[in-house]
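Structure data follow from start20.cif (mmCIF, C-alpha atoms):
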data_protein
#
loop_
_atom_site.label_atom_id
_atom_site.label_comp_id
_atom_site.auth_asym_id
_atom_site.auth_seq_id
_atom_site.Cartn_x
_atom_site.Cartn_y
_atom_site.Cartn_z
CA MET A 17 115.49 173.48 236.41
CA ILE A 18 113.65 172.62 233.20
CA THR A 19 114.03 169.16 231.74
CA LYS A 20 112.91 167.73 228.44
CA THR A 21 111.23 164.36 228.21
CA ALA A 22 110.11 162.48 225.14
CA SER A 23 106.40 162.45 224.51
CA ARG A 24 103.93 162.18 221.65
CA SER A 25 102.34 165.46 222.74
CA THR A 26 103.17 168.48 220.64
CA ALA A 27 101.43 171.12 222.75
CA ALA A 28 104.44 172.53 224.65
CA GLY A 29 107.19 171.91 222.17
CA GLY A 30 105.39 173.08 219.04
CA PRO A 31 103.94 171.13 216.17
CA GLY A 32 105.75 167.93 215.36
CA THR A 33 108.56 168.32 217.91
CA GLY A 34 107.54 165.50 220.23
CA TRP A 35 109.04 167.28 223.28
CA VAL A 36 107.29 168.54 226.40
CA LYS A 37 108.94 170.88 228.92
CA ARG A 38 108.44 170.03 232.59
CA ALA A 39 109.35 172.07 235.64
CA ASP A 40 110.83 170.22 238.61
CA LYS A 41 108.97 169.93 241.95
CA ALA A 42 110.80 172.83 243.61
CA THR A 43 109.85 175.22 240.81
CA ARG A 44 106.20 174.14 240.92
CA ARG A 45 106.10 174.49 244.72
CA ARG A 46 107.48 178.05 244.53
CA ARG A 47 104.83 178.96 241.94
CA TRP A 48 101.95 177.68 244.14
CA GLN A 49 103.32 179.30 247.31
CA GLY A 50 103.24 182.70 245.61
CA LEU A 51 99.55 182.44 244.77
CA ARG A 52 97.07 184.01 247.17
CA PRO A 53 93.39 184.51 246.41
CA SER A 54 92.55 188.15 245.90
CA ALA A 55 89.34 189.97 246.83
CA GLY A 56 88.71 190.47 243.12
CA ALA A 57 88.85 186.74 242.49
CA ALA A 58 86.41 186.09 245.32
CA VAL A 59 83.95 188.68 243.99
CA THR A 60 84.28 187.25 240.49
CA GLY A 61 83.54 183.77 241.83
CA VAL A 62 80.40 184.99 243.59
CA ILE A 63 79.20 186.77 240.44
CA VAL A 64 79.77 183.66 238.31
CA LEU A 65 77.84 181.47 240.78
CA ALA A 66 74.96 183.96 240.97
CA GLY A 67 74.81 184.17 237.18
CA ALA A 68 74.69 180.40 236.88
CA ALA A 69 71.84 180.26 239.40
CA VAL A 70 69.85 182.89 237.49
CA LEU A 71 70.39 181.08 234.19
CA SER A 72 69.34 177.73 235.62
CA VAL A 73 66.13 179.20 237.04
CA SER A 74 65.22 181.28 233.98
CA GLY A 75 66.17 178.50 231.56
CA GLY A 76 63.46 176.34 233.09
CA GLN A 77 60.76 178.76 231.94
CA ASP A 78 61.56 177.76 228.36
CA VAL A 79 60.17 174.32 229.26
CA THR A 80 56.39 174.46 229.08
CA GLN A 81 53.69 171.82 228.79
CA VAL A 82 52.78 172.89 225.24
CA LYS A 83 56.42 172.84 224.09
CA VAL A 84 57.01 169.40 225.61
CA GLN A 85 53.84 167.97 224.03
CA ASP A 86 54.53 169.50 220.59
CA SER A 87 58.15 168.36 220.61
CA LEU A 88 57.30 164.83 221.75
CA GLN A 89 54.57 164.46 219.12
CA THR A 90 56.80 165.68 216.28
CA SER A 91 59.84 163.64 217.34
CA PHE A 92 57.80 160.51 217.96
CA ALA A 93 56.07 160.78 214.56
CA ASN A 94 59.44 160.94 212.80
CA LEU A 95 60.94 158.08 214.82
CA TRP A 96 57.84 155.85 214.60
CA ALA A 97 57.78 156.28 210.81
CA LEU A 98 61.48 155.36 210.73
CA GLN A 99 60.89 152.26 212.86
CA GLN A 100 57.96 151.16 210.72
CA THR A 101 59.93 151.69 207.50
CA GLU A 102 62.92 149.75 208.90
CA THR A 103 60.66 146.83 209.80
CA GLY A 104 58.99 146.67 206.39
CA HIS A 105 55.88 148.80 206.99
CA PRO A 106 56.72 152.03 205.13
CA MET A 107 55.05 155.04 206.71
CA ARG A 108 55.43 158.82 206.55
CA PRO A 109 55.50 160.92 209.74
CA THR A 110 52.28 162.64 208.63
CA GLN A 111 50.50 159.27 208.85
CA VAL A 112 51.34 158.73 212.53
CA HIS A 113 48.91 161.30 214.04
CA PRO A 114 50.38 161.37 217.57
CA ALA A 115 48.46 163.08 220.38
CA ALA A 116 50.29 163.68 223.67
CA THR A 117 49.03 164.93 227.01
CA CYS A 118 51.91 165.72 229.37
CA ASP A 119 52.01 166.47 233.08
CA LYS A 120 54.91 167.41 235.33
CA GLY A 121 54.89 165.93 238.80
CA GLY A 122 51.16 165.49 239.28
CA PRO A 123 48.21 167.84 239.77
CA ASP A 124 49.83 169.98 242.50
CA VAL A 125 52.95 170.86 240.45
CA PRO A 126 52.98 173.52 237.72
CA ASP A 127 53.56 172.05 234.25
CA VAL A 128 56.70 174.10 233.57
CA GLY A 129 60.41 173.69 234.07
CA PRO A 130 62.99 170.93 233.88
CA GLY A 131 62.80 167.71 235.84
CA GLY A 132 62.70 163.94 235.64
CA ASP A 133 59.03 163.90 236.57
CA TRP A 134 57.36 164.61 233.21
CA ILE A 135 54.84 161.90 232.24
CA CYS A 136 53.16 161.96 228.83
CA GLN A 137 50.25 159.80 227.76
CA MET A 138 50.26 159.43 223.97
CA THR A 139 48.20 157.78 221.30
CA TRP A 140 49.01 157.40 217.61
CA THR A 141 47.77 155.63 214.51
CA GLY A 142 46.96 152.03 215.35
CA GLN A 143 46.99 152.57 219.13
CA THR A 144 43.63 152.74 220.85
CA GLU A 145 45.02 152.93 224.39
CA PRO A 146 47.61 155.57 225.32
CA GLY A 147 51.21 154.67 225.94
CA LYS A 148 53.02 156.18 228.92
CA PHE A 149 56.23 158.05 228.07
CA GLU A 150 58.58 159.15 230.84
CA LEU A 151 60.65 162.26 230.14
CA ASN A 152 63.69 163.68 231.89
CA VAL A 153 63.69 167.31 230.77
CA HIS A 154 66.80 169.47 231.25
CA ALA A 155 67.07 173.26 231.71
CA ASN A 156 68.61 173.56 228.22
CA SER A 157 65.27 172.40 226.73
CA CYS A 158 66.59 168.96 225.82
CA TYR A 159 65.10 165.74 227.13
CA THR A 160 65.36 161.97 227.15
CA ALA A 161 62.13 160.08 226.53
CA SER A 162 61.47 156.42 227.05
CA GLY A 163 58.36 154.70 225.80
CA PRO A 164 56.44 151.65 226.92
CA GLY A 165 57.96 148.49 225.47
CA SER A 166 54.51 146.95 225.20
CA LYS A 167 53.53 149.68 222.70
CA VAL A 168 56.78 150.61 220.94
CA GLY A 169 58.68 147.31 221.04
CA SER A 170 61.88 146.24 222.73
CA PHE A 171 65.32 147.87 222.64
CA THR A 172 66.03 146.22 219.28
CA VAL A 173 63.83 145.35 216.33
CA THR A 174 64.44 143.17 213.29
CA ASP A 175 64.85 145.13 210.06
CA THR A 176 63.83 143.99 206.56
CA ASP A 177 67.25 142.35 206.07
CA GLY A 178 66.79 140.20 209.19
CA ARG A 179 69.32 142.18 211.29
CA GLU A 180 68.72 143.32 214.86
CA VAL A 181 68.84 147.13 214.91
CA THR A 182 68.26 149.66 217.66
CA ASN A 183 64.60 150.56 218.03
CA PRO A 184 64.48 154.35 217.51
CA VAL A 185 61.34 154.85 219.65
CA TYR A 186 62.32 152.71 222.64
CA ALA A 187 64.30 155.65 224.12
CA PHE A 188 65.43 158.84 222.43
CA ASP A 189 67.01 162.24 223.08
CA VAL A 190 65.49 165.45 221.71
CA CYS A 191 66.09 169.19 222.02
CA MET A 192 63.03 171.42 221.82
CA ASP A 193 62.97 174.59 219.77
CA ALA A 194 63.81 177.23 222.38
CA ASP A 195 62.39 179.97 220.12
CA ALA A 196 59.01 178.31 219.62
CA SER A 197 56.09 180.14 221.17
CA ALA A 198 53.98 178.58 223.93
#
Once you've parsed the file, please lay out its structure as structure tokens.
Amino acid sequence: MITKTASRSTAAGGPGTGWVKRADKATRRRRWQGLRPSAGAAVTGVIVLAGAAVLSVSGGQDVTQVKVQDSLQTSFANLWALQQTETGHPMRPTQVHPAATCDKGGPDVPDVGPGGDWICQMTWTGQTEPGKFELNVHANSCYTASGPGSKVGSFTVTDTDGREVTNPVYAFDVCMDADASA
């Protein structure tokens, strides 16, 4: 038995109709009882899982020390210039001169692949001592970076109009260029 109930959804009843068709419990139960997993479905599931495992392993090779350092330096330069401009100290990214040295998991771990254990020491214009940035790098070559509040400021900064705005360099998300060499 099919019943109609009023709803704002238009998916089942067509555009603008406002009606959704629902099957009763007995009909749904008969549909589920007739379903049995086939050997083909099991094989397909295994292939999909194996493919996902291969992609997750190979995707990590796109994450290298040089790519992480280059991406962090470029992104930081742009965001630092934005922060400085917002706070009344206009600056261009080319004036920042960031220099990052990144390491994944210490001296006994290869500096490749995703992980939450990337640490980058970075200096830039006006900073004589490096600031420690912690990166959580994902297999899709994107990462979240958080900088030291003592060097980059707190979560918010005061802009030239006296408003509290989000500090763009306190923490930021970036995706590296997967096609870049290195």
Atomic distance atom CA of A:Trp96 - atom CA of A:Val153, expressed in Å with one decimal: 20.7 Å
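If you measure from each of A:Val79, A:Ala187, A:Ala97, A:Leu88 to A:Thr160 using only C-alpha atoms, the closest one turns out to be A:Ala187.
The spacing separating atom CA of A:Arg179 from atom CA of A:Glu145 amounts to 29.6 Å.
Rounded to one decimal, atom CA of A:Thr103 and atom CA of A:Asn183 lie 9.9 Å from each other.
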Cut-off 12 Å around (47.5, 156.4, 225.3) with all atoms listed in the file: residues as a count of residues only: 25
Nearest to A:Lys83 by atom-to-atom distance, counting all atoms listed in the file, from A:Glu180, A:Asp175, A:Asp133, A:Asp127: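 Checking each candidate against A:Lys83, we get A:Asp127 as the closest.
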What residues come out when you apply the PyMOL selection byres ((chain A and resi 157) around 9) to this file, written as a short mmCIF file (atom, residue, chain, number, x, y, z; two decimals) with C-alpha atoms, in the frame of the given file?
data_model
loop_
_atom_site.label_atom_id
_atom_site.label_comp_id
_atom_site.auth_asym_id
_atom_site.auth_seq_id
_atom_site.Cartn_x
_atom_site.Cartn_y
_atom_site.Cartn_z
CA GLY A 75 66.17 178.50 231.56
CA GLY A 76 63.46 176.34 233.09
CA ASP A 78 61.56 177.76 228.36
CA VAL A 79 60.17 174.32 229.26
CA VAL A 84 57.01 169.40 225.61
CA GLY A 129 60.41 173.69 234.07
CA PRO A 130 62.99 170.93 233.88
CA VAL A 153 63.69 167.31 230.77
CA HIS A 154 66.80 169.47 231.25
CA ALA A 155 67.07 173.26 231.71
CA ASN A 156 68.61 173.56 228.22
CA CYS A 158 66.59 168.96 225.82
CA TYR A 159 65.10 165.74 227.13
CA VAL A 190 65.49 165.45 221.71
CA CYS A 191 66.09 169.19 222.02
CA MET A 192 63.03 171.42 221.82
CA ASP A 193 62.97 174.59 219.77
CA ALA A 194 63.81 177.23 222.38
#
Work out where the centre of an axis-aligned box around every listed atom of stretch 137-156 of chain A lies and how long its edges are once 4 Å is added on each side; give both in Å to one decimal as AutoDock Vina command-line options.
--center_x 56.1 --center_y 162.8 --center_z 223.2 --size_x 33.0 --size_y 29.5 --size_z 25.4
Residue list as a list in words for point (64.9, 155.6, 214.9), cut-off 8 Å, all atoms listed in the file: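 All residues meeting the 8 Å criterion around (64.9, 155.6, 214.9) are Asn94, Leu95, Trp96, Leu98, Gln99, Thr182, Asn183, Pro184 and Val185 of chain A.
When all atoms listed in the file are used to compute distances to A:Thr172, the closest of the residues A:Tyr186, A:Pro106, A:Gln89, A:Gly122 turns out to be A:Tyr186.
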Of the listed residues A:Pro109, A:Gly165, A:Gly178, A:Pro126, that which approaches A:Gln81 most closely, counting all atoms listed in the file: A:Pro126
Counting all atoms listed in the file, the residue of A:Asp189, A:Gly169, A:Asp119, A:Asp124 that sits nearest A:Val82: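 Between A:Asp189, A:Gly169, A:Asp119, A:Asp124, the residue approaching A:Val82 most closely is A:Asp119.
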